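K.L.:
Sharing a structure, written as structure tokens. Questions coming.
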Amino acid sequence: MTLKTLATAVLRRGRLSLLAALGGLGAAAMPSAAQAQAATEQFIPLLVYRTGQFAPLGMPWADGKQDYLKLVNARDGGVNGVKLAFEECETAYDAAKGVECYERLKGKGGGASGFDTQSTGITFAVTDKAFADRVVVETPGYGLSQSADGTVFEWNFPLLGTYWTAADVMLQDIAKKEKGRLKGRKIALVYHDSPYGKEPIPLLQKRASVDGFELLLYPVTPPGVEQKSTWLQIRQQRPDYVLFWSAGVMTPAGIREAQASGYPREKIYAIWWAGSDHDVKDIGAGAKGYNAITLHNSAAKDKVHDELRKFVYDKNQGTGPATGVGTLAHTRGMMISMLQVEAIRTAQEKFGKGKVMTPEQVRWGFENLNLTADRLKALGFGEVMRPVQTSCANHMGTDWARIVQWDGAKWNIVSDWYQADKTHIDPMVKEYAAKYAKDKNLKPRSCG
Amino acid sequence: MLYRENGQFKTSYRADLAMFPVAQDRWAMLVLALVAFVVVPGVGSDYLFRAVLIPFLVLSLAALGLNVLVGYCGQISLGTGAFMAVGAYAAFNLQARIEGLPLPLVLLGGGLAATACGVLFGLPSLRIRGLYLAVATLAAQFFIDWFTNRVRWVTNDSSSGSVSVGALQLFGISLDAPVQRYLLCLSLVVLFAVLTRNLVRGAIGREWMAMRDMDVAAAVIGIRPVHAKLTAFAVSSFIVGVAGALWGFVHLGAWEPAAFGIDKSFQLLFMIIIGGLGSIAGAFFGAAFIVLLPLLLNHVPHWLGLPLSTATASHLEHMIFGALIVFFLIVEPHGLARLWSTARQKLRLWPFPH
């Protein structure tokens with residue numbers, strides 16, 4: 001071998017392994033440089049999952065979140081002149097990836113305005129960190145139910161409703177159909193076997209012991225594509241109603257199995273994440289009668305949808321396909337961004353209009369939200385939501401919900417407005433929050 | 001030129017047995033340690049510690065543990081995620097149920113529980129080998145998944161099945177700052193790397209390697225298969241258990257059973273295959289490749305300012321990463337560690353090859 005060929009061989013080999021070894025160092029050093037940019041825009045991190053088992057749910061949700069921010073920028077030029085900046089980070093519904101995204105974005109652009117993690121698991125993982133980092137974790141309609149207690153969970157905001165309020169509303173609607181008698185009935189919970197799916201169980205157990213119905217629990221192993229044995233058991237046990245805590249690919253699979261095993265779809269009540277157009281569209285008439293609960297009234301169409309089309313989609317700035325606008329999951333995404341933007345606006349009213357708010361100031365905004373009917377109407381959400389007010393002690397705000405039913409082609413609103421019965425929920429929130437505070441050695445603040 | 005051993009004579013057995021017999025290696029390691037312990041804590045950002053270095057170190061440790069079993073003893077295991085889970089949940093229970101138990105004991109307790117579990121699931125290795133053993137360890141994975149999901153006692157009766165650890169304290173100092181947590185992980189990784197390195201150079205390591213290369217021949221020359229295989233399982237799962245406890249306590253802080261699913265087992269197995277079976281450095285190379293490279297790929301579109309959608313970027317990341325795995329395995333089927341040692345070998349002769 002000549003000297004020259006060997007030298008090149010060595011260099012080539014050496015460079016390869018060196019690249020592999022140094023690749024990581026490069027990855028590590030760069031983000032801090034990106035974080036150093038001056039803050040002239042209000043930064044909102046967008047944790048999303050456009051891949052993985054939950055992607056069917058994650059995509060319209062993420063599109064809605066981003067679309068509303070684009071709308072505010074295009075229509076109003078931001079919040080009192082402060083433009084909204086945002087960046088998406090893909091979590092694939094994985095807690096470790098979610099933590100990485102959270103770490104990457106929490107300090108960006110002068111501090112993240114709030115994390116809608118889109119995942120109960122990621123919420124668990126970042127809640128502790130958020131206390132230390134002092135950034136908001138907003139979990140509208142999901143997350144830890146006990147975090148509604150603002151005295152303990154200073155940085156968490158499960159706005160508009162939790163899994164406990166949702167389960168309670170479903171039971172109310174069932175009770176109405178059963179003429180007020182739940183006693184002796186059999187109610188099954190078919191759930192994604194993860195913290196997300198297990199969250200309603202404590203409340204359902206409590207209600208089962210008070211109201212005297214029998215609760216049957218059917219865990220489905222994620223991702224939930226295989227549910228045959230679950231629905232065969234349901235056929236044997238014949239529960240009067242099925243509460244369906246699923247998301248992503250698990251939902252259509254479950255509805256198809258219900259259809260195959262002949263379980264009436266009218267007796268199924270799905271949580272909001274399992275009730276959007278993409279869940280039932282392909283099944284069409286086979287899903288006729290399938291019920292879902294809505295977060296406030298996310299099935300409605302309102303002015304905000306028209307404006308979104310006019311200011312964003314007609315200019316080809318839309319995030320997703322135009323047909324996605326107005327689907328339930330997309331509307332929920334917009335509601336979440338709207339709450340985020342309104343928190344920033346509320347904060348600006350106290351700390352200075354036209355300024356970039358720090359995470360702490362945005363937190364104050366979340367805690368002092370007061371969305372009146374007039375305000376919602378002006379925002380274009382008059383039909384979609386009812387007034388919401390948060391406080392130091394109440395981080396959930398006001399939990400309205402309705403039931404919608406799929407008629408084979410579209411969703412119809414079939415119930416009046418419901419609000420959860422707080423006689424069981426409030427003591428449970430207090431109890432679980434106190435347990436959390438004790439485990440973590442936290443001193444609950446006083447909201448006097 | 002830089003890497004020549006001319007003039008380095010070993011005049012004692014001690015020098016001959018040194019962990020790094022070549023002076024340049026010793027210096028390189030010293031510099032590396034200095035950078036890791038002194039320079040990086042001084043200049044690193046929160047993001048660097050919490051999202052890059054801590055996961056890298058913890059998974060390196062897990063890969064190191066797995067390499068003892070697969071790389072040195074030749075017993076294929078698909079249950080690494082399960083042993084990590086045992087370590088994490090045992091540590092969680094020790095902390096939650098015994099008031100004021102010091103953190104080192106909590107972590108070691110996690111490791112010991114994983115050892116017990118590892119030895120138990122290692123028993124089939126006495127009768128079966130190869131792919132069949134892989135399937136038997138897969139049973140450990142499924143069993144532990146089921147156990148942590150279904151037995152409420154394990155999660156301290158947590159209603160949602162996910163657990164969350166309390167404050168971390170070491171000798172009265174609370175470990176809140178990312179840099180302190182990084183140093184804790186780094187110290188443990190260095191400690192275990194040195195211990196493992198010495199184990200595999202010693203009698204017991206030679207037994208493991210003899211078992212790996214030909215178990216019948218090893219038995220004939222007087223190596224007890226029971227002893228060799230079960231010690232490999234014990235040492236491996238102890239290290240993996242400590243790594244699991246660190247993953248839960250230091251990296252995630254709160255976790256659900258899915259954090260230690262079968263994906264984690266595969267991920268760790270790929271790490272040591274790509275990094276290099278039967279090599280300490282291989283565990284680190286593999287962890288760097290699997291943990292850091294996707295992160296790097298994920299950041300690239302942002303740096304270049306490419307207007308890629310999140311979904312496209314994430315799909316691209318998977319494709320490029322997959323292609324790189326294939327590329328490296330073709331270039332060097334024995335892993336990145338072998339690539340490194342080949343380069344070193346050539347550097348020793350450069351520029352005067354024979």
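How things are named: the first chain in the structure tokens is A, the next is B, and so on; residues count from 1 in each chain; ligands count from 1 in the order shown.
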Within 7 Å of Ala125 in chain A, counting only C-alpha atoms, which residues show up once you throw out same-chain ones fewer than 5 positions away? Write them as a ChimeraX atom specification, please.

P.N.:
/A:95 /B:252-255

K.L.:
List every residue of chain B that has an atom at most 6 Å from any atom of chain A, and for each one report the closest atom pair and its distance in Å to one decimal, counting only C-alpha atoms, with rows sorted by chain and then by increasing residue number, as a tab-separated table.

P.N.:
residue	atom	partner	partner_atom	distance
B:Tyr47	CA	A:Glu103	CA	5.5
B:Leu48	CA	A:Ala28	CA	5.3
B:Ala51	CA	A:Glu100	CA	4.9
B:Ser160	CA	A:Pro195	CA	4.6
B:Gly161	CA	A:Pro195	CA	5.9
B:Gly166	CA	A:Lys440	CA	5.2
B:Leu252	CA	A:Ala125	CA	5.9
B:Ala254	CA	A:Ala125	CA	4.8
B:Leu292	CA	A:Gly24	CA	5.0
B:Leu296	CA	A:Ala27	CA	4.9
B:Ala311	CA	A:Arg50	CA	5.4
B:Trp340	CA	A:Ser17	CA	6.0
B:Ala343	CA	A:Gly14	CA	5.6

K.L.:
Report the residues of range 85-273 of chain A whose backbone DSSP state falls under alpha helix (DSSP H), written as number ranges by chain.

P.N.:
A: 95-105, 120-133, 163-177, 195-198, 201-211, 228-237, 250-260

K.L.:
How would the residues just chosen look if you wrote them out with C-alpha atoms as an mmCIF file, in the first residue's frame?

P.N.:
data_model
loop_
_atom_site.group_PDB
_atom_site.id
_atom_site.type_symbol
_atom_site.label_atom_id
_atom_site.label_comp_id
_atom_site.auth_asym_id
_atom_site.auth_seq_id
_atom_site.Cartn_x
_atom_site.Cartn_y
_atom_site.Cartn_z
ATOM 1 C CA ALA A 95 -42.964 11.591 27.008
ATOM 2 C CA ALA A 96 -39.192 11.651 26.542
ATOM 3 C CA LYS A 97 -39.507 13.509 23.232
ATOM 4 C CA GLY A 98 -42.022 15.855 24.823
ATOM 5 C CA VAL A 99 -39.562 16.690 27.581
ATOM 6 C CA GLU A 100 -36.924 17.453 24.949
ATOM 7 C CA CYS A 101 -39.344 19.764 23.102
ATOM 8 C CA TYR A 102 -40.283 21.457 26.342
ATOM 9 C CA GLU A 103 -36.639 22.066 27.223
ATOM 10 C CA ARG A 104 -35.909 23.286 23.723
ATOM 11 C CA LEU A 105 -38.724 25.827 23.609
ATOM 12 C CA THR A 120 -51.604 13.542 29.482
ATOM 13 C CA GLY A 121 -48.330 11.624 29.732
ATOM 14 C CA ILE A 122 -46.231 14.632 28.721
ATOM 15 C CA THR A 123 -48.267 16.800 31.082
ATOM 16 C CA PHE A 124 -47.283 14.515 33.948
ATOM 17 C CA ALA A 125 -43.637 14.716 32.950
ATOM 18 C CA VAL A 126 -43.482 18.505 32.550
ATOM 19 C CA THR A 127 -45.718 19.537 35.461
ATOM 20 C CA ASP A 128 -42.939 19.184 38.026
ATOM 21 C CA LYS A 129 -40.488 20.949 35.764
ATOM 22 C CA ALA A 130 -42.946 23.794 35.115
ATOM 23 C CA PHE A 131 -43.092 24.561 38.835
ATOM 24 C CA ALA A 132 -39.327 25.052 38.860
ATOM 25 C CA ASP A 133 -39.057 26.774 35.471
ATOM 26 C CA TYR A 163 -61.877 14.105 32.409
ATOM 27 C CA TRP A 164 -63.769 14.075 35.675
ATOM 28 C CA THR A 165 -66.231 16.739 34.536
ATOM 29 C CA ALA A 166 -66.591 14.959 31.193
ATOM 30 C CA ALA A 167 -67.378 11.619 32.850
ATOM 31 C CA ASP A 168 -69.871 13.315 35.118
ATOM 32 C CA VAL A 169 -71.671 14.983 32.201
ATOM 33 C CA MET A 170 -71.879 11.665 30.343
ATOM 34 C CA LEU A 171 -73.491 10.087 33.407
ATOM 35 C CA GLN A 172 -75.955 12.985 33.569
ATOM 36 C CA ASP A 173 -76.993 12.424 29.973
ATOM 37 C CA ILE A 174 -77.338 8.699 30.595
ATOM 38 C CA ALA A 175 -79.404 9.375 33.709
ATOM 39 C CA LYS A 176 -81.682 11.563 31.625
ATOM 40 C CA LYS A 177 -82.231 8.775 29.116
ATOM 41 C CA PRO A 195 -52.703 7.741 32.219
ATOM 42 C CA TYR A 196 -55.010 9.385 29.694
ATOM 43 C CA GLY A 197 -57.496 6.543 29.728
ATOM 44 C CA LYS A 198 -57.237 5.870 33.452
ATOM 45 C CA ILE A 201 -61.698 5.961 36.756
ATOM 46 C CA PRO A 202 -61.594 7.476 40.289
ATOM 47 C CA LEU A 203 -64.623 9.644 39.579
ATOM 48 C CA LEU A 204 -66.566 6.825 37.932
ATOM 49 C CA GLN A 205 -65.839 4.539 40.879
ATOM 50 C CA LYS A 206 -67.051 7.193 43.260
ATOM 51 C CA ARG A 207 -70.225 7.753 41.276
ATOM 52 C CA ALA A 208 -70.784 4.006 40.938
ATOM 53 C CA SER A 209 -70.748 3.580 44.694
ATOM 54 C CA VAL A 210 -73.032 6.584 45.248
ATOM 55 C CA ASP A 211 -75.503 5.982 42.438
ATOM 56 C CA LYS A 228 -61.681 -7.808 19.265
ATOM 57 C CA SER A 229 -61.484 -9.466 22.668
ATOM 58 C CA THR A 230 -62.661 -6.307 24.413
ATOM 59 C CA TRP A 231 -65.822 -6.047 22.349
ATOM 60 C CA LEU A 232 -66.463 -9.773 22.620
ATOM 61 C CA GLN A 233 -66.448 -9.348 26.392
ATOM 62 C CA ILE A 234 -68.823 -6.434 25.998
ATOM 63 C CA ARG A 235 -71.125 -8.628 23.973
ATOM 64 C CA GLN A 236 -71.114 -11.174 26.804
ATOM 65 C CA GLN A 237 -71.534 -8.699 29.642
ATOM 66 C CA MET A 250 -58.037 3.439 18.498
ATOM 67 C CA THR A 251 -61.330 5.253 17.835
ATOM 68 C CA PRO A 252 -62.334 4.010 14.380
ATOM 69 C CA ALA A 253 -61.045 0.537 15.310
ATOM 70 C CA GLY A 254 -63.341 0.526 18.342
ATOM 71 C CA ILE A 255 -66.390 1.730 16.425
ATOM 72 C CA ARG A 256 -65.849 -0.939 13.797
ATOM 73 C CA GLU A 257 -65.630 -3.607 16.468
ATOM 74 C CA ALA A 258 -68.807 -2.295 18.078
ATOM 75 C CA GLN A 259 -70.450 -2.566 14.696
ATOM 76 C CA ALA A 260 -69.087 -6.073 14.129
#

K.L.:
Neighbours of Asp176 in chain B within 10 Å (only C-alpha atoms; same-chain residues fewer than 5 positions away dropped), as a PDB file with all heavy atoms, in the first residue's frame?

P.N.:
ATOM      1  N   LYS A 129     -41.506  20.048  36.295  1.00  0.00           N
ATOM      2  CA  LYS A 129     -40.488  20.949  35.764  1.00  0.00           C
ATOM      3  C   LYS A 129     -41.054  22.361  35.645  1.00  0.00           C
ATOM      4  O   LYS A 129     -40.338  23.339  35.852  1.00  0.00           O
ATOM      5  CB  LYS A 129     -40.019  20.456  34.401  1.00  0.00           C
ATOM      6  CG  LYS A 129     -39.358  19.089  34.456  1.00  0.00           C
ATOM      7  CD  LYS A 129     -38.947  18.640  33.062  1.00  0.00           C
ATOM      8  CE  LYS A 129     -38.764  17.147  32.969  1.00  0.00           C
ATOM      9  NZ  LYS A 129     -37.607  16.623  33.659  1.00  0.00           N
ATOM     10  N   ALA A 132     -40.680  24.522  38.669  1.00  0.00           N
ATOM     11  CA  ALA A 132     -39.327  25.052  38.860  1.00  0.00           C
ATOM     12  C   ALA A 132     -38.980  26.102  37.809  1.00  0.00           C
ATOM     13  O   ALA A 132     -38.345  27.105  38.114  1.00  0.00           O
ATOM     14  CB  ALA A 132     -38.324  23.919  38.825  1.00  0.00           C
TER      15      ALA A 132
ATOM     16  N   ALA B 167     -38.678  15.317  45.674  1.00  0.00           N
ATOM     17  CA  ALA B 167     -37.448  16.089  45.494  1.00  0.00           C
ATOM     18  C   ALA B 167     -36.241  15.170  45.649  1.00  0.00           C
ATOM     19  O   ALA B 167     -36.253  14.231  46.434  1.00  0.00           O
ATOM     20  CB  ALA B 167     -37.393  17.211  46.508  1.00  0.00           C
ATOM     21  N   LEU B 168     -35.186  15.443  44.869  1.00  0.00           N
ATOM     22  CA  LEU B 168     -33.957  14.648  44.951  1.00  0.00           C
ATOM     23  C   LEU B 168     -32.957  15.357  45.847  1.00  0.00           C
ATOM     24  O   LEU B 168     -32.699  16.539  45.686  1.00  0.00           O
ATOM     25  CB  LEU B 168     -33.349  14.471  43.562  1.00  0.00           C
ATOM     26  CG  LEU B 168     -34.182  13.745  42.520  1.00  0.00           C
ATOM     27  CD1 LEU B 168     -33.375  13.531  41.274  1.00  0.00           C
ATOM     28  CD2 LEU B 168     -34.673  12.415  43.056  1.00  0.00           C
ATOM     29  N   GLN B 169     -32.410  14.614  46.783  1.00  0.00           N
ATOM     30  CA  GLN B 169     -31.410  15.192  47.677  1.00  0.00           C
ATOM     31  C   GLN B 169     -30.212  14.270  47.780  1.00  0.00           C
ATOM     32  O   GLN B 169     -30.369  13.060  47.871  1.00  0.00           O
ATOM     33  CB  GLN B 169     -32.009  15.382  49.070  1.00  0.00           C
ATOM     34  CG  GLN B 169     -32.833  16.643  49.176  1.00  0.00           C
ATOM     35  CD  GLN B 169     -33.012  17.082  50.596  1.00  0.00           C
ATOM     36  OE1 GLN B 169     -32.925  16.268  51.495  1.00  0.00           O
ATOM     37  NE2 GLN B 169     -33.271  18.354  50.799  1.00  0.00           N
ATOM     38  N   ARG B 181     -27.624  17.544  38.428  1.00  0.00           N
ATOM     39  CA  ARG B 181     -28.130  16.243  37.995  1.00  0.00           C
ATOM     40  C   ARG B 181     -27.211  15.624  36.948  1.00  0.00           C
ATOM     41  O   ARG B 181     -26.990  14.424  36.934  1.00  0.00           O
ATOM     42  CB  ARG B 181     -29.539  16.403  37.426  1.00  0.00           C
ATOM     43  CG  ARG B 181     -30.500  16.842  38.485  1.00  0.00           C
ATOM     44  CD  ARG B 181     -31.883  17.060  37.985  1.00  0.00           C
ATOM     45  NE  ARG B 181     -32.757  17.246  39.129  1.00  0.00           N
ATOM     46  CZ  ARG B 181     -33.994  16.836  39.196  1.00  0.00           C
ATOM     47  NH1 ARG B 181     -34.533  16.219  38.170  1.00  0.00           N
ATOM     48  NH2 ARG B 181     -34.718  17.024  40.263  1.00  0.00           N
ATOM     49  N   VAL B 250     -34.103  11.171  37.362  1.00  0.00           N
ATOM     50  CA  VAL B 250     -33.364  12.367  36.971  1.00  0.00           C
ATOM     51  C   VAL B 250     -33.874  12.926  35.645  1.00  0.00           C
ATOM     52  O   VAL B 250     -34.040  14.128  35.498  1.00  0.00           O
ATOM     53  CB  VAL B 250     -31.855  12.065  36.874  1.00  0.00           C
ATOM     54  CG1 VAL B 250     -31.084  13.286  36.445  1.00  0.00           C
ATOM     55  CG2 VAL B 250     -31.349  11.587  38.218  1.00  0.00           C
TER      56      VAL B 250
END

K.L.:
Looking only at strand (DSSP E) from DSSP on the backbone, list the matching residues of range 149-287 of chain B as a VMD selection string.

P.N.:
chain B and resid 163 to 164 169 to 170 173 to 174 254 to 255

K.L.:
Could the residues in this selection be written to a file with C-alpha atoms, as a tab-separated table (two decimals), in the first residue's frame?

P.N.:
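out_36.tsv written:
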chain	number	residue	atom	x	y	z
B	163	VAL	CA	-45.83	7.95	39.16
B	164	SER	CA	-43.97	11.08	40.03
B	169	GLN	CA	-31.41	15.19	47.68
B	170	LEU	CA	-27.83	14.07	47.91
B	173	ILE	CA	-27.95	19.17	48.94
B	174	SER	CA	-31.09	19.26	46.85
B	254	ALA	CA	-42.72	11.47	36.32
B	255	TRP	CA	-43.42	8.51	34.09
